[in-house]
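One structure below.
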Amino acid sequence: MQSIRDYLCFTKNTFRFFHRYLRGSVLLYDKENRKAKAKEGLHWSSSKRDLQDFQLLAKPNNPTTKLLAG
């Protein structure tokens with residue numbers, strides 16, 4: 001049962017990325033994250049921060065992106 005909860009949490013967190021990041025980058029992140037979890041035998045609750053930092057591209061109209069751009 002915990003595995004199902006972890007998967008649902010993973011899916012919910014990935015869905016939240018669509019608000020801040022470009023759709024294509026979120027889908028690529030999700031694909032690569034799932035492949036890495038399967039290959040390395042990671043649990044759904046584990047995080048691949050290196051993938052997130054590398055692949056997620058912020059939307060140009062995102063308030064955080066605007067603030068950082070000055």
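FYI, nothing fancy with the structure tokens labels: chains A, B, ... in order, residues from 1 per chain, ligands from 1 as they appear.
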Note to self: Which of chain A end up as helix (DSSP H, G or I) when DSSP is run on this backbone - answer as a PyMOL selection string?
What the structure shows: chain A and resi 2-20+23-40+49-55+63-69
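Within the 10 Å cut-off around His43 in chain A, using only C-alpha atoms and omitting residues fewer than 6 positions from it on the same chain, the listed residues are A:Ser3, A:Asp6, A:Tyr7, A:Phe10, A:Lys37.
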Include N, CA, C and O atoms and write out the residues we just selected as a PDB file, in the first residue's frame.
ATOM      1  N   SER A   3       3.699   1.690  -1.396  1.00  0.00           N
ATOM      2  CA  SER A   3       4.222   1.893  -2.745  1.00  0.00           C
ATOM      3  C   SER A   3       3.231   2.673  -3.613  1.00  0.00           C
ATOM      4  O   SER A   3       3.630   3.536  -4.398  1.00  0.00           O
ATOM      5  N   ASP A   6       3.339   6.280  -2.505  1.00  0.00           N
ATOM      6  CA  ASP A   6       4.560   6.916  -3.006  1.00  0.00           C
ATOM      7  C   ASP A   6       4.429   7.264  -4.488  1.00  0.00           C
ATOM      8  O   ASP A   6       4.839   8.336  -4.928  1.00  0.00           O
ATOM      9  N   TYR A   7       3.847   6.352  -5.264  1.00  0.00           N
ATOM     10  CA  TYR A   7       3.656   6.604  -6.688  1.00  0.00           C
ATOM     11  C   TYR A   7       2.707   7.781  -6.909  1.00  0.00           C
ATOM     12  O   TYR A   7       2.961   8.649  -7.747  1.00  0.00           O
ATOM     13  N   PHE A  10       4.543  10.926  -6.166  1.00  0.00           N
ATOM     14  CA  PHE A  10       5.459  11.211  -7.263  1.00  0.00           C
ATOM     15  C   PHE A  10       4.696  11.856  -8.420  1.00  0.00           C
ATOM     16  O   PHE A  10       5.126  12.866  -8.985  1.00  0.00           O
ATOM     17  N   LYS A  37      14.639   5.417 -12.189  1.00  0.00           N
ATOM     18  CA  LYS A  37      14.103   4.675 -11.040  1.00  0.00           C
ATOM     19  C   LYS A  37      14.053   3.174 -11.349  1.00  0.00           C
ATOM     20  O   LYS A  37      14.404   2.350 -10.519  1.00  0.00           O
TER      21      LYS A  37
END
Next item on the list: Identify, on the basis of only C-alpha atoms, every residue whose closest approach to Tyr29 in chain A does not exceed 9 Å; exclude the query and any residue fewer than 4 positions from it along the same chain; express the result as a list in words.
Entry: Thr14, Gly24, Ser25, Asn33, Arg34, Leu51, Gln52, Phe54, Gln55 and Leu56 of chain A
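Going from CA of Lys59 in chain A over to CA of Leu22 in chain A, you cover 5.3 Å.
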Next item on the list: Tell me which of A:Ser46, A:Leu57, A:Lys35, A:Glu40 sits closest to Tyr21 in chain A, counting only C-alpha atoms.
Entry: A:Leu57
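If you measure from each of A:Lys39, A:Ser45, A:His19, A:Pro60 to Ile4 in chain A using only C-alpha atoms, the closest one turns out to be A:Ser45.
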